[in-house]
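Participant: A single structure is presented below for examination.
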Amino acid sequence: MESRVLSGSTTIHGLPRLRRLTTTTTSPVAACFPTTRPTTGAVADGGNLVWGRQLRPGILFEASPATALSPVTKRETLLRPCRTAASSPAEGSDSGGEAKVGFLQKYPALVTGFFFFMWYLLNVIFNILNKKIYNYFPYPYFVSVIHLFVGVVYCLVSWGVGLPKRAPIDSNLLKLLIPVAICHGIGHIMSNVSFAAVAVSFTHTIKALEPFFNAAASQFVLGQQIPLTLWLSLAPVVLGVSMASLTELSFNWTGFISAMISNISFTYRSIYSKKAMTDMDSTNLYAYISIIALIFCIPPAIILEGPTLVKTGFSDAIAKVGLTKFISDLFWVGMFYHLYNQIATNTLERVAPLTHAVGNVLKRVFVIGFTILVFGNKISTQTGIGTVIAIAGVAIYSYIKAQMEEEKRKGKAA
């Protein structure tokens with residue numbers, strides 16, 4: 001609470017009148033605040049005060065046995081914050097003896113910007129390396145398992161060294177996380193099936209329809225009323241994806257349908273996530289989801305791709321790139337997958353819903369742009385226009401929804 005000092009003719013009941021200081025004092029110490037805070041719990045003469053905070057009368061007028069100042073002189077001392085000529089710069093600090101603020105606390109915007117930069121960078125690297133692997137090893141179910149497996153090993157090692165400490169999990173929370181993890185696993189596998197079948201840029205264009213499925217599920221599954229403005233903002237998304245799909249040079253139904261299934265799976269993951277709200281930190285929560293998703297994804301990979309992998313899959317890949325590169329590619333693509341998801345989760349915890357929405361849209365723009373440049377994918381004019389329209393629609397939708405979420409949050413806070 002901001003402090004206010006009363007002077008002039010104002011009188012506080014029970015306290016002597018305070019007057020403005022009009023004469024100079026003979027001692028610089030008596031005329032100034034002590035500029036450093038006492039190290040012990042006792043309050044020195046003049047009070048252990050920081051300007052702008054609440055002034056406590058008990059501190060202001062407490063007598064000190066070490067001094068013989070008159071009451072008037074003491075109050076004049078307290079009401080006159082000035083510096084002596086001998087004060088050092090550190091002692092003249094208006095924050096007294098408060099702890100120094102670290103760089104990360106002093107510049108939070110730079111830290112958040114760094115998180116966004118790493119999120120985008122790791123995402124782009126993952127998509128490029130992932131597509132390169134599919135060019136010589138087209139087994140998306142197995143590669144999806146590798147993504148999760150490397151991430152789980154990373155989590156187990158992190159828990160082993162205590163960074164972070166493993167959060168305990170009970171049977172009730174486990175039951176809530178299983179549907180979330182299954183939807184996460186299905187969505188991840190279907191995304192990779194699409195990545196292997198069509199151009200990465202086209203898969204991300206289809207996945208721009210995810211907000212449409214989220215809105216539909218909220219309206220028809222959860223029974224939440226979606227405003228008309230939100231539905232209208234989704235029209236450009238549907239139009240843009242349709243335009244891009246009709247003239248996409250790498251189009252095939254496997255890639256298109258698997259990307260749509262991925263959208264549906266991630267939509268239900270969001271629904272189950274709302275039911276599984278927990279106080280567990282995001283790092284531990286994502287680790288548990290990855291472990292459950294890995295267990296779920298192993299059987300279909302063995303059933304659908306196991307026999308082919310044993311016969312020709314591994315041998316063909318090793319013949320093309322060599323054993324060392326093959327293993328290192330699988331390791332690094334799994335590491336980049338886990339890190340970009342983990343940093344994305346940590347980043348979104350630091351920002352408001354609107355910043356979150358803008359970040360997701362820009363991430364998709366970065367991925368589409370960089371993959372087109374790296375792989376030299378040729379796109380038709382209509383596909384390019386459709387992609388731009390779809391991304392713009394996602395941006396409008398995200399902005400409107402973020403504004404709604406912010407209004408709800410402010411309403412609850414009020």
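Following the order of the structure tokens, first chain is A, next is B, and so on, with residues numbered from 1 inside each chain and ligands from 1 in the order they appear.
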May I have the residues within 12 Å of Leu285 in chain A as number ranges by chain, using only C-alpha atoms and disregarding those fewer than 2 positions away in the same chain?

Facilitator: A: 155, 164-169, 173-174, 176-178, 180-181, 273, 276-283, 287-292, 342, 345-346

Participant: When you look at Phe251 in chain A with a cut-off of 10 Å (counting only C-alpha atoms), what residues show up, excluding the ones that are within fewer than 3 positions of it in the same chain? I need them as a list in words.

Facilitator: Ala197, Val198, Ala199, Phe202, Thr203, Ala244, Ser245, Leu246, Thr247, Glu248, Thr254, Gly255 and Phe256 of chain A

Participant: Got a sec to tell me which of range 62-291 of chain A DSSP assigns to alpha helix (DSSP H), as a ChimeraX atom specification?

Facilitator: /A:71-78,103-106,108-136,140-161,171-197,200-206,210-220,228-247,253-275,282-291

Participant: Which residue is closest to Thr383 in chain A? Choose from A:Met243, A:Val361, A:Val193, A:Leu234 and count only C-alpha atoms.

Facilitator: A:Met243

Participant: Just the residues within 12 Å of Phe195 in chain A, please, counting only C-alpha atoms, with nothing from its chain fewer than 3 positions along; format it as a ChimeraX atom specification.

Facilitator: /A:126-135,138-141,143-144,188-192,198-207,250-252,254-259,262,371

Participant: Let me make sure I understand: among A:Ala109, A:Val124, A:Ile302, A:Met335, which one has the smallest atom-to-atom distance to Val365 in chain A if we use only C-alpha atoms?

Facilitator: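 Smallest distance to Val365 in chain A is found for A:Val124.
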